[in-house]
$ cat start.pdb   # PDB, C-alpha atoms
ATOM      1  CA  MET S   1       0.000   0.000   0.000
ATOM      2  CA  SER S   2       1.428   3.387  -0.947
ATOM      3  CA  SER S   3       1.495   6.350   1.409
ATOM      4  CA  GLN S   4      -0.985   8.030  -0.971
ATOM      5  CA  GLU S   5      -3.522   5.250  -0.318
ATOM      6  CA  GLU S   6      -2.879   5.316   3.421
ATOM      7  CA  ALA S   7      -3.531   9.053   3.553
ATOM      8  CA  THR S   8      -6.873   8.846   1.731
ATOM      9  CA  PRO S   9      -9.586   9.543   4.307
ATOM     10  CA  SER S  10     -12.567   7.299   4.832
ATOM     11  CA  ARG S  11     -15.942   8.879   4.045
ATOM     12  CA  ASN S  12     -19.471   8.597   5.293
ATOM     13  CA  ILE S  13     -22.710  10.539   5.205
ATOM     14  CA  GLU S  14     -23.941  11.331   8.698
ATOM     15  CA  ILE S  15     -26.984  12.610  10.461
ATOM     16  CA  LYS S  16     -27.391  13.194  14.188
ATOM     17  CA  ALA S  17     -30.759  13.676  15.879
ATOM     18  CA  GLN S  18     -32.127  14.254  19.368
ATOM     19  CA  VAL S  19     -34.351  11.342  20.363
ATOM     20  CA  GLY S  20     -36.178  12.707  23.397
ATOM     21  CA  ASP S  21     -36.792  10.584  26.463
ATOM     22  CA  LYS S  22     -35.982   6.979  27.381
ATOM     23  CA  GLU S  23     -39.313   5.726  25.999
ATOM     24  CA  ALA S  24     -38.644   7.333  22.592
ATOM     25  CA  PHE S  25     -35.124   5.908  22.701
ATOM     26  CA  GLN S  26     -36.487   2.383  23.292
ATOM     27  CA  LYS S  27     -38.855   2.811  20.329
ATOM     28  CA  LYS S  28     -35.863   3.623  18.082
ATOM     29  CA  VAL S  29     -34.033   0.566  19.452
ATOM     30  CA  ALA S  30     -37.085  -1.558  18.544
ATOM     31  CA  ILE S  31     -37.088  -0.121  14.992
ATOM     32  CA  ALA S  32     -33.375  -0.970  14.643
ATOM     33  CA  GLU S  33     -33.925  -4.503  15.968
ATOM     34  CA  GLY S  34     -36.772  -4.997  13.490
ATOM     35  CA  LEU S  35     -34.683  -3.766  10.547
ATOM     36  CA  THR S  36     -31.559  -5.727  11.385
ATOM     37  CA  GLY S  37     -33.095  -8.813  13.012
ATOM     38  CA  ALA S  38     -30.470  -8.477  15.753
ATOM     39  CA  LYS S  39     -29.925  -7.061  19.210
ATOM     40  CA  ALA S  40     -27.597  -4.111  19.628
ATOM     41  CA  GLU S  41     -23.950  -4.358  20.448
ATOM     42  CA  VAL S  42     -23.807  -2.078  23.506
ATOM     43  CA  ILE S  43     -20.498  -0.244  23.730
ATOM     44  CA  LYS S  44     -19.307   1.956  26.569
ATOM     45  CA  GLN S  45     -17.309   4.809  25.009
ATOM     46  CA  HIS S  46     -15.235   7.545  26.581
ATOM     47  CA  ASP S  47     -14.070  10.178  24.095
ATOM     48  CA  VAL S  48     -11.399  12.726  24.980
ATOM     49  CA  PHE S  49     -11.456  15.674  22.568
ATOM     50  CA  PHE S  50      -8.331  17.716  21.975
ATOM     51  CA  ASN S  51      -7.861  21.238  20.702
ATOM     52  CA  SER S  52      -7.343  21.078  16.969
ATOM     53  CA  GLN S  53      -6.590  23.716  14.363
ATOM     54  CA  LYS S  54      -8.565  21.813  11.724
ATOM     55  CA  GLY S  55     -11.556  19.542  12.182
ATOM     56  CA  ARG S  56     -11.959  17.534  15.372
ATOM     57  CA  LEU S  57      -9.518  15.210  17.122
ATOM     58  CA  LYS S  58     -10.569  12.622  19.691
ATOM     59  CA  LEU S  59      -9.169   9.634  21.482
ATOM     60  CA  ARG S  60     -11.858   6.990  21.945
ATOM     61  CA  TYR S  61     -11.448   4.585  24.841
ATOM     62  CA  LEU S  62     -13.280   1.289  24.298
ATOM     63  CA  GLU S  63     -13.695  -1.453  26.901
ATOM     64  CA  THR S  64     -13.673  -4.491  24.624
ATOM     65  CA  LYS S  65     -11.629  -3.314  21.633
ATOM     66  CA  LYS S  66      -8.479  -1.313  21.024
ATOM     67  CA  SER S  67      -8.796   2.382  21.685
ATOM     68  CA  GLU S  68      -8.687   4.671  18.643
ATOM     69  CA  LEU S  69      -7.405   8.083  17.685
ATOM     70  CA  ILE S  70      -9.812   9.713  15.232
ATOM     71  CA  GLN S  71      -9.410  12.950  13.312
ATOM     72  CA  TYR S  72     -12.473  14.030  11.365
ATOM     73  CA  PHE S  73     -13.964  16.832   9.332
ATOM     74  CA  ARG S  74     -17.726  17.353   9.264
ATOM     75  CA  PRO S  75     -19.597  20.603   8.613
ATOM     76  CA  ASP S  76     -21.752  21.894  11.461
ATOM     77  CA  VAL S  77     -25.072  21.757   9.624
ATOM     78  CA  GLY S  78     -28.288  19.826  10.162
ATOM     79  CA  GLY S  79     -29.313  16.986   7.889
ATOM     80  CA  PRO S  80     -27.166  14.537   5.955
ATOM     81  CA  LYS S  81     -23.572  15.721   5.573
ATOM     82  CA  LEU S  82     -20.248  14.358   4.389
ATOM     83  CA  SER S  83     -17.769  13.371   7.083
ATOM     84  CA  THR S  84     -14.187  12.448   6.234
ATOM     85  CA  TYR S  85     -11.921  10.840   8.777
ATOM     86  CA  HIS S  86      -8.683   9.110   9.605
ATOM     87  CA  LYS S  87      -8.608   6.499  12.354
ATOM     88  CA  ILE S  88      -5.806   4.489  13.958
ATOM     89  CA  ASP S  89      -5.894   1.785  16.637
ATOM     90  CA  LEU S  90      -3.779   2.501  19.697
ATOM     91  CA  ASP S  91      -1.806   0.089  21.851
ATOM     92  CA  GLU S  92      -0.994   2.781  24.431
ATOM     93  CA  PRO S  93      -3.977   5.164  24.623
ATOM     94  CA  LYS S  94      -3.040   6.695  27.996
ATOM     95  CA  LEU S  95       0.385   7.650  26.628
ATOM     96  CA  MET S  96      -1.245   9.155  23.529
ATOM     97  CA  GLU S  97      -3.645  11.119  25.747
ATOM     98  CA  THR S  98      -0.716  12.459  27.789
ATOM     99  CA  ILE S  99       1.231  13.469  24.674
ATOM    100  CA  LEU S 100      -1.745  15.244  23.102
ATOM    101  CA  ALA S 101      -2.879  16.850  26.366
ATOM    102  CA  GLU S 102       0.594  18.295  26.934
ATOM    103  CA  SER S 103       1.062  19.439  23.326
ATOM    104  CA  VAL S 104      -2.348  20.747  22.211
ATOM    105  CA  GLY S 105      -4.572  20.563  25.305
ATOM    106  CA  ILE S 106      -7.825  18.810  26.129
ATOM    107  CA  LYS S 107     -11.055  20.419  24.952
ATOM    108  CA  GLY S 108     -13.386  18.133  26.925
ATOM    109  CA  GLU S 109     -14.774  14.631  27.343
ATOM    110  CA  VAL S 110     -17.889  12.766  26.248
ATOM    111  CA  LYS S 111     -19.082   9.550  27.921
ATOM    112  CA  LYS S 112     -21.819   7.443  26.394
ATOM    113  CA  HIS S 113     -23.409   4.060  26.069
ATOM    114  CA  ARG S 114     -23.805   3.326  22.378
ATOM    115  CA  HIS S 115     -26.241   0.788  20.958
ATOM    116  CA  LEU S 116     -24.693  -0.186  17.622
ATOM    117  CA  PHE S 117     -26.630  -1.804  14.787
ATOM    118  CA  LEU S 118     -25.394  -2.528  11.268
ATOM    119  CA  TYR S 119     -27.960  -2.211   8.486
ATOM    120  CA  ASN S 120     -26.566  -2.747   4.979
ATOM    121  CA  GLN S 121     -23.850  -0.078   4.703
ATOM    122  CA  THR S 122     -25.215   2.066   7.551
ATOM    123  CA  ARG S 123     -23.975   2.104  11.114
ATOM    124  CA  VAL S 124     -26.943   2.970  13.350
ATOM    125  CA  HIS S 125     -25.892   4.467  16.679
ATOM    126  CA  LEU S 126     -28.414   4.968  19.461
ATOM    127  CA  ASP S 127     -26.544   6.901  22.140
ATOM    128  CA  ASP S 128     -27.278   7.588  25.795
ATOM    129  CA  VAL S 129     -24.882  10.504  26.373
ATOM    130  CA  GLU S 130     -23.953  11.416  29.937
ATOM    131  CA  GLY S 131     -25.202  14.926  30.720
ATOM    132  CA  LEU S 132     -27.057  15.342  27.396
ATOM    133  CA  GLY S 133     -29.693  12.652  26.900
ATOM    134  CA  TYR S 134     -30.641  10.365  24.023
ATOM    135  CA  PHE S 135     -29.552  10.616  20.396
ATOM    136  CA  LEU S 136     -29.578   8.715  17.126
ATOM    137  CA  GLU S 137     -26.802   8.853  14.555
ATOM    138  CA  PHE S 138     -26.512   7.289  11.121
ATOM    139  CA  GLU S 139     -23.183   6.784   9.407
ATOM    140  CA  VAL S 140     -23.685   5.676   5.816
ATOM    141  CA  VAL S 141     -20.231   4.279   5.032
ATOM    142  CA  LEU S 142     -19.423   5.210   1.445
ATOM    143  CA  ARG S 143     -17.636   2.843  -0.866
ATOM    144  CA  PRO S 144     -14.723   4.460  -2.765
ATOM    145  CA  ASP S 145     -16.791   4.565  -5.979
ATOM    146  CA  GLN S 146     -19.986   5.788  -4.305
ATOM    147  CA  THR S 147     -21.174   9.391  -4.647
ATOM    148  CA  ILE S 148     -22.157  11.743  -1.858
ATOM    149  CA  GLU S 149     -25.624  11.945  -3.429
ATOM    150  CA  GLU S 150     -26.089   8.159  -3.174
ATOM    151  CA  GLY S 151     -25.100   8.228   0.499
ATOM    152  CA  THR S 152     -27.397  11.190   1.160
ATOM    153  CA  ASN S 153     -30.322   9.317  -0.414
ATOM    154  CA  ILE S 154     -29.658   6.344   1.880
ATOM    155  CA  ALA S 155     -29.493   8.646   4.924
ATOM    156  CA  ASN S 156     -32.795  10.275   3.935
ATOM    157  CA  GLU S 157     -34.429   6.830   3.599
ATOM    158  CA  MET S 158     -33.077   5.848   7.024
ATOM    159  CA  MET S 159     -34.556   9.038   8.489
ATOM    160  CA  LYS S 160     -37.974   7.971   7.157
ATOM    161  CA  LEU S 161     -37.611   4.433   8.552
ATOM    162  CA  PHE S 162     -36.717   5.819  11.995
ATOM    163  CA  GLU S 163     -39.327   8.613  11.851
ATOM    164  CA  ILE S 164     -36.742  11.385  12.230
ATOM    165  CA  LYS S 165     -38.115  14.850  11.467
ATOM    166  CA  ASP S 166     -36.019  17.795  10.310
ATOM    167  CA  ASP S 167     -36.523  19.577  13.653
ATOM    168  CA  ASP S 168     -35.054  16.515  15.467
ATOM    169  CA  LEU S 169     -31.720  17.025  13.663
ATOM    170  CA  ILE S 170     -28.835  18.563  15.567
ATOM    171  CA  VAL S 171     -25.787  20.491  14.431
ATOM    172  CA  GLY S 172     -22.256  19.748  15.599
ATOM    173  CA  ALA S 173     -20.846  17.112  17.926
ATOM    174  CA  TYR S 174     -21.872  16.020  21.432
ATOM    175  CA  MET S 175     -18.761  17.825  22.674
ATOM    176  CA  ASP S 176     -20.100  21.112  21.262
ATOM    177  CA  LYS S 177     -23.401  20.638  23.090
ATOM    178  CA  LEU S 178     -21.631  19.850  26.377
ATOM    179  CA  LEU S 179     -19.478  22.977  26.097
ATOM    180  CA  LYS S 180     -22.543  25.257  25.753
TER
END
$ encode --input "start.pdb" --output "structure tokens"
Amino acid sequence: MSSQEEATPSRNIEIKAQVGDKEAFQKKVAIAEGLTGAKAEVIKQHDVFFNSQKGRLKLRYLETKKSELIQYFRPDVGGPKLSTYHKIDLDEPKLMETILAESVGIKGEVKKHRHLFLYNQTRVHLDDVEGLGYFLEFEVVLRPDQTIEEGTNIANEMMKLFEIKDDDLIVGAYMDKLLK
């Protein structure tokens, strides 16, 4: 693999929406279970966000998998939007956190329980975010040959399946909401 290929970011089309209360959250979980025919993989995530001159940079601690360093670019707009990202697994996440904290500083932290479902090429995240509430996120993972328009159409169809209205959509990241 050439360094050119390694540097090519992954792409997805994302939406993020407020879900409301625990009852509404459970209804979305039931929709996801019906679509996928499976129970959620429940993942406890702890994201540490760092100050970044471009995009967002976070270290994601995971209990059952390797932790990850993720740099991503996503416009702060409602509705389906293109997100590009680079991700690397970490063997020593605490050391990486120390290095980044001392060099660029910590912006904040997000803790959540994520219910993950996979539906075709879409990652469905139903998140219970500490201090914020309940959210739904779609990540339509784009194939290299797939257009943004195709991914947006899939995201719009997913919004219909999950009964997400335009006024449910949120702008930005959970970190942004916690900092307000």
$ residues_around --input "start.pdb" --residues "Tyr85 in chain S" --least-positions-apart "3" --cutoff "6 Å" --atoms "all atoms listed in the file" --output "list in words"
Pro9, Ser10, Gln71 and Tyr72 of chain S
$ residues_around --input "start.pdb" --residues "Val129 in chain S" --least-positions-apart "3" --cutoff "9 Å" --atoms "all atoms listed in the file" --output "PyMOL selection string"
chain S and resi 110-114+132-135+174
$ closest_residue --input "start.pdb" --among "S:Glu14, S:Asp166, S:Glu157, S:Glu130" --to "Lys81 in chain S" --atoms "only C-alpha atoms"
S:Glu14
$ closest_residue --input "start.pdb" --among "S:Phe138, S:Phe117, S:Phe25, S:Phe50" --to "Ile13 in chain S" --atoms "only C-alpha atoms"
S:Phe138
$ atom_distance --input "start.pdb" --atom1 "CA of Asp167 in chain S" --atom2 "CA of Leu118 in chain S"
24.9 Å
$ resolve_selection --input "start.pdb" --expression "the PyMOL selection byres ((chain S and resi 176) around 12)" --output "PDB file with C-alpha atoms, keeping the file's coordinate frame"
ATOM      1  CA  PHE S  49     -11.456  15.674  22.568  1.00  0.00           C
ATOM      2  CA  ARG S  56     -11.959  17.534  15.372  1.00  0.00           C
ATOM      3  CA  ASP S  76     -21.752  21.894  11.461  1.00  0.00           C
ATOM      4  CA  LYS S 107     -11.055  20.419  24.952  1.00  0.00           C
ATOM      5  CA  GLY S 108     -13.386  18.133  26.925  1.00  0.00           C
ATOM      6  CA  GLU S 109     -14.774  14.631  27.343  1.00  0.00           C
ATOM      7  CA  VAL S 110     -17.889  12.766  26.248  1.00  0.00           C
ATOM      8  CA  LEU S 132     -27.057  15.342  27.396  1.00  0.00           C
ATOM      9  CA  ILE S 170     -28.835  18.563  15.567  1.00  0.00           C
ATOM     10  CA  VAL S 171     -25.787  20.491  14.431  1.00  0.00           C
ATOM     11  CA  GLY S 172     -22.256  19.748  15.599  1.00  0.00           C
ATOM     12  CA  ALA S 173     -20.846  17.112  17.926  1.00  0.00           C
ATOM     13  CA  TYR S 174     -21.872  16.020  21.432  1.00  0.00           C
ATOM     14  CA  MET S 175     -18.761  17.825  22.674  1.00  0.00           C
ATOM     15  CA  LYS S 177     -23.401  20.638  23.090  1.00  0.00           C
ATOM     16  CA  LEU S 178     -21.631  19.850  26.377  1.00  0.00           C
ATOM     17  CA  LEU S 179     -19.478  22.977  26.097  1.00  0.00           C
ATOM     18  CA  LYS S 180     -22.543  25.257  25.753  1.00  0.00           C
TER      19      LYS S 180
END
$ residues_around --input "start.pdb" --residues "range 27-40 of chain S" --least-positions-apart "3" --cutoff "8 Å" --atoms "only C-alpha atoms" --output "PyMOL selection string"
chain S and resi 23-24+115-119+124+126+161-162
$ atom_distance --input "start.pdb" --atom1 "CA of Ala155 in chain S" --atom2 "CA of Ala17 in chain S"
12.1 Å
$ residues_around --input "start.pdb" --residues "Ile70 in chain S" --least-positions-apart "5" --cutoff "10 Å" --atoms "all atoms listed in the file" --output "list in words"
Asp47, Phe49, Arg56, Leu57, Lys58, Leu59, Arg60, Tyr85, His86, Lys87, Ile88 and Asp89 of chain S
$ axis_aligned_box --input "start.pdb" --around "range 132-144 of chain S" --padding-each-side "5 Å" --output "JSON"
{"center_x": -22.7, "center_y": 9.1, "center_z": 12.3, "size_x": 25.9, "size_y": 22.5, "size_z": 40.2}
$ resolve_selection --input "start.pdb" --expression "the PyMOL selection byres ((chain S and resi 148) around 10)" --output "list in words"
Arg11, Asn12, Ile13, Pro80, Lys81, Leu82, Val140, Leu142, Asp145, Gln146, Thr147, Glu149, Glu150, Gly151, Thr152, Asn153 and Ile154 of chain S
$ residues_around --input "start.pdb" --residues "Leu100 in chain S" --least-positions-apart "2" --cutoff "12 Å" --atoms "only C-alpha atoms" --output "JSON, numbers by chain"
{"S": [48, 49, 50, 51, 52, 57, 58, 59, 69, 93, 94, 95, 96, 97, 98, 102, 103, 104, 105, 106, 107]}
$ decode --input "start.pdb" --residues "range 49-61 of chain S" --atoms "all heavy atoms" --output "PDB file, in the first residue's frame"
ATOM      1  N   PHE S  49     -11.656  14.765  23.701  1.00  0.00           N
ATOM      2  CA  PHE S  49     -11.456  15.674  22.568  1.00  0.00           C
ATOM      3  C   PHE S  49     -10.285  16.602  22.870  1.00  0.00           C
ATOM      4  O   PHE S  49     -10.138  17.090  23.996  1.00  0.00           O
ATOM      5  CB  PHE S  49     -12.711  16.511  22.309  1.00  0.00           C
ATOM      6  CG  PHE S  49     -13.787  15.770  21.578  1.00  0.00           C
ATOM      7  CD1 PHE S  49     -14.606  14.875  22.256  1.00  0.00           C
ATOM      8  CD2 PHE S  49     -13.987  15.954  20.223  1.00  0.00           C
ATOM      9  CE1 PHE S  49     -15.606  14.186  21.586  1.00  0.00           C
ATOM     10  CE2 PHE S  49     -14.973  15.270  19.548  1.00  0.00           C
ATOM     11  CZ  PHE S  49     -15.784  14.387  20.231  1.00  0.00           C
ATOM     12  N   PHE S  50      -9.498  16.846  21.844  1.00  0.00           N
ATOM     13  CA  PHE S  50      -8.331  17.716  21.975  1.00  0.00           C
ATOM     14  C   PHE S  50      -8.538  18.965  21.130  1.00  0.00           C
ATOM     15  O   PHE S  50      -9.291  18.959  20.150  1.00  0.00           O
ATOM     16  CB  PHE S  50      -7.072  16.973  21.505  1.00  0.00           C
ATOM     17  CG  PHE S  50      -6.803  15.742  22.315  1.00  0.00           C
ATOM     18  CD1 PHE S  50      -7.277  14.508  21.898  1.00  0.00           C
ATOM     19  CD2 PHE S  50      -6.109  15.819  23.514  1.00  0.00           C
ATOM     20  CE1 PHE S  50      -7.066  13.372  22.661  1.00  0.00           C
ATOM     21  CE2 PHE S  50      -5.894  14.691  24.282  1.00  0.00           C
ATOM     22  CZ  PHE S  50      -6.373  13.460  23.863  1.00  0.00           C
ATOM     23  N   ASN S  51      -7.845  20.028  21.516  1.00  0.00           N
ATOM     24  CA  ASN S  51      -7.861  21.238  20.702  1.00  0.00           C
ATOM     25  C   ASN S  51      -7.229  20.895  19.364  1.00  0.00           C
ATOM     26  O   ASN S  51      -6.239  20.172  19.304  1.00  0.00           O
ATOM     27  CB  ASN S  51      -7.094  22.359  21.409  1.00  0.00           C
ATOM     28  CG  ASN S  51      -7.759  22.742  22.714  1.00  0.00           C
ATOM     29  OD1 ASN S  51      -8.968  22.903  22.772  1.00  0.00           O
ATOM     30  ND2 ASN S  51      -6.974  22.842  23.778  1.00  0.00           N
ATOM     31  N   SER S  52      -7.821  21.399  18.308  1.00  0.00           N
ATOM     32  CA  SER S  52      -7.343  21.078  16.969  1.00  0.00           C
ATOM     33  C   SER S  52      -7.510  22.297  16.081  1.00  0.00           C
ATOM     34  O   SER S  52      -8.540  22.969  16.132  1.00  0.00           O
ATOM     35  CB  SER S  52      -8.157  19.897  16.409  1.00  0.00           C
ATOM     36  OG  SER S  52      -7.770  19.598  15.109  1.00  0.00           O
ATOM     37  N   GLN S  53      -6.497  22.575  15.275  1.00  0.00           N
ATOM     38  CA  GLN S  53      -6.590  23.716  14.363  1.00  0.00           C
ATOM     39  C   GLN S  53      -7.543  23.452  13.211  1.00  0.00           C
ATOM     40  O   GLN S  53      -8.129  24.368  12.667  1.00  0.00           O
ATOM     41  CB  GLN S  53      -5.209  24.079  13.827  1.00  0.00           C
ATOM     42  CG  GLN S  53      -4.301  24.673  14.862  1.00  0.00           C
ATOM     43  CD  GLN S  53      -2.980  25.120  14.271  1.00  0.00           C
ATOM     44  OE1 GLN S  53      -2.612  24.727  13.164  1.00  0.00           O
ATOM     45  NE2 GLN S  53      -2.259  25.935  15.011  1.00  0.00           N
ATOM     46  N   LYS S  54      -7.679  22.180  12.829  1.00  0.00           N
ATOM     47  CA  LYS S  54      -8.565  21.813  11.724  1.00  0.00           C
ATOM     48  C   LYS S  54      -9.399  20.612  12.141  1.00  0.00           C
ATOM     49  O   LYS S  54      -8.872  19.640  12.677  1.00  0.00           O
ATOM     50  CB  LYS S  54      -7.758  21.444  10.477  1.00  0.00           C
ATOM     51  CG  LYS S  54      -6.987  22.595   9.866  1.00  0.00           C
ATOM     52  CD  LYS S  54      -6.237  22.125   8.643  1.00  0.00           C
ATOM     53  CE  LYS S  54      -5.429  23.261   8.043  1.00  0.00           C
ATOM     54  NZ  LYS S  54      -4.665  22.805   6.873  1.00  0.00           N
ATOM     55  N   GLY S  55     -10.681  20.662  11.875  1.00  0.00           N
ATOM     56  CA  GLY S  55     -11.556  19.542  12.182  1.00  0.00           C
ATOM     57  C   GLY S  55     -11.603  19.241  13.673  1.00  0.00           C
ATOM     58  O   GLY S  55     -11.394  20.120  14.502  1.00  0.00           O
ATOM     59  N   ARG S  56     -11.880  17.984  13.987  1.00  0.00           N
ATOM     60  CA  ARG S  56     -11.959  17.534  15.372  1.00  0.00           C
ATOM     61  C   ARG S  56     -10.986  16.374  15.563  1.00  0.00           C
ATOM     62  O   ARG S  56     -10.771  15.580  14.656  1.00  0.00           O
ATOM     63  CB  ARG S  56     -13.379  17.093  15.697  1.00  0.00           C
ATOM     64  CG  ARG S  56     -14.376  18.248  15.697  1.00  0.00           C
ATOM     65  CD  ARG S  56     -15.789  17.743  16.046  1.00  0.00           C
ATOM     66  NE  ARG S  56     -16.708  18.844  16.220  1.00  0.00           N
ATOM     67  CZ  ARG S  56     -17.490  19.332  15.268  1.00  0.00           C
ATOM     68  NH1 ARG S  56     -17.475  18.811  14.057  1.00  0.00           N
ATOM     69  NH2 ARG S  56     -18.306  20.335  15.528  1.00  0.00           N
ATOM     70  N   LEU S  57     -10.459  16.268  16.781  1.00  0.00           N
ATOM     71  CA  LEU S  57      -9.518  15.210  17.122  1.00  0.00           C
ATOM     72  C   LEU S  57      -9.942  14.614  18.445  1.00  0.00           C
ATOM     73  O   LEU S  57     -10.091  15.341  19.443  1.00  0.00           O
ATOM     74  CB  LEU S  57      -8.099  15.776  17.222  1.00  0.00           C
ATOM     75  CG  LEU S  57      -6.987  14.788  17.588  1.00  0.00           C
ATOM     76  CD1 LEU S  57      -6.821  13.728  16.494  1.00  0.00           C
ATOM     77  CD2 LEU S  57      -5.672  15.537  17.814  1.00  0.00           C
ATOM     78  N   LYS S  58     -10.155  13.279  18.443  1.00  0.00           N
ATOM     79  CA  LYS S  58     -10.569  12.622  19.691  1.00  0.00           C
ATOM     80  C   LYS S  58      -9.873  11.288  19.855  1.00  0.00           C
ATOM     81  O   LYS S  58      -9.530  10.612  18.888  1.00  0.00           O
ATOM     82  CB  LYS S  58     -12.084  12.436  19.732  1.00  0.00           C
ATOM     83  CG  LYS S  58     -12.647  11.476  18.709  1.00  0.00           C
ATOM     84  CD  LYS S  58     -14.167  11.434  18.778  1.00  0.00           C
ATOM     85  CE  LYS S  58     -14.760  10.620  17.642  1.00  0.00           C
ATOM     86  NZ  LYS S  58     -16.222  10.703  17.616  1.00  0.00           N
ATOM     87  N   LEU S  59      -9.670  10.944  21.111  1.00  0.00           N
ATOM     88  CA  LEU S  59      -9.169   9.634  21.482  1.00  0.00           C
ATOM     89  C   LEU S  59     -10.361   8.898  22.077  1.00  0.00           C
ATOM     90  O   LEU S  59     -11.004   9.396  23.002  1.00  0.00           O
ATOM     91  CB  LEU S  59      -8.059   9.773  22.522  1.00  0.00           C
ATOM     92  CG  LEU S  59      -7.303   8.493  22.859  1.00  0.00           C
ATOM     93  CD1 LEU S  59      -5.910   8.835  23.350  1.00  0.00           C
ATOM     94  CD2 LEU S  59      -8.016   7.669  23.888  1.00  0.00           C
ATOM     95  N   ARG S  60     -10.690   7.758  21.501  1.00  0.00           N
ATOM     96  CA  ARG S  60     -11.858   6.990  21.945  1.00  0.00           C
ATOM     97  C   ARG S  60     -11.385   5.765  22.724  1.00  0.00           C
ATOM     98  O   ARG S  60     -10.733   4.883  22.171  1.00  0.00           O
ATOM     99  CB  ARG S  60     -12.716   6.564  20.766  1.00  0.00           C
ATOM    100  CG  ARG S  60     -13.824   5.585  21.153  1.00  0.00           C
ATOM    101  CD  ARG S  60     -14.868   5.461  20.094  1.00  0.00           C
ATOM    102  NE  ARG S  60     -15.652   6.689  20.099  1.00  0.00           N
ATOM    103  CZ  ARG S  60     -16.375   7.114  19.059  1.00  0.00           C
ATOM    104  NH1 ARG S  60     -16.406   6.417  17.939  1.00  0.00           N
ATOM    105  NH2 ARG S  60     -17.075   8.222  19.146  1.00  0.00           N
ATOM    106  N   TYR S  61     -11.722   5.761  24.019  1.00  0.00           N
ATOM    107  CA  TYR S  61     -11.448   4.585  24.841  1.00  0.00           C
ATOM    108  C   TYR S  61     -12.612   3.611  24.694  1.00  0.00           C
ATOM    109  O   TYR S  61     -13.773   4.000  24.822  1.00  0.00           O
ATOM    110  CB  TYR S  61     -11.323   4.981  26.319  1.00  0.00           C
ATOM    111  CG  TYR S  61     -10.056   5.722  26.652  1.00  0.00           C
ATOM    112  CD1 TYR S  61     -10.035   7.111  26.741  1.00  0.00           C
ATOM    113  CD2 TYR S  61      -8.879   5.030  26.907  1.00  0.00           C
ATOM    114  CE1 TYR S  61      -8.876   7.794  27.073  1.00  0.00           C
ATOM    115  CE2 TYR S  61      -7.708   5.707  27.232  1.00  0.00           C
ATOM    116  CZ  TYR S  61      -7.720   7.089  27.319  1.00  0.00           C
ATOM    117  OH  TYR S  61      -6.566   7.762  27.644  1.00  0.00           O
TER     118      TYR S  61
END
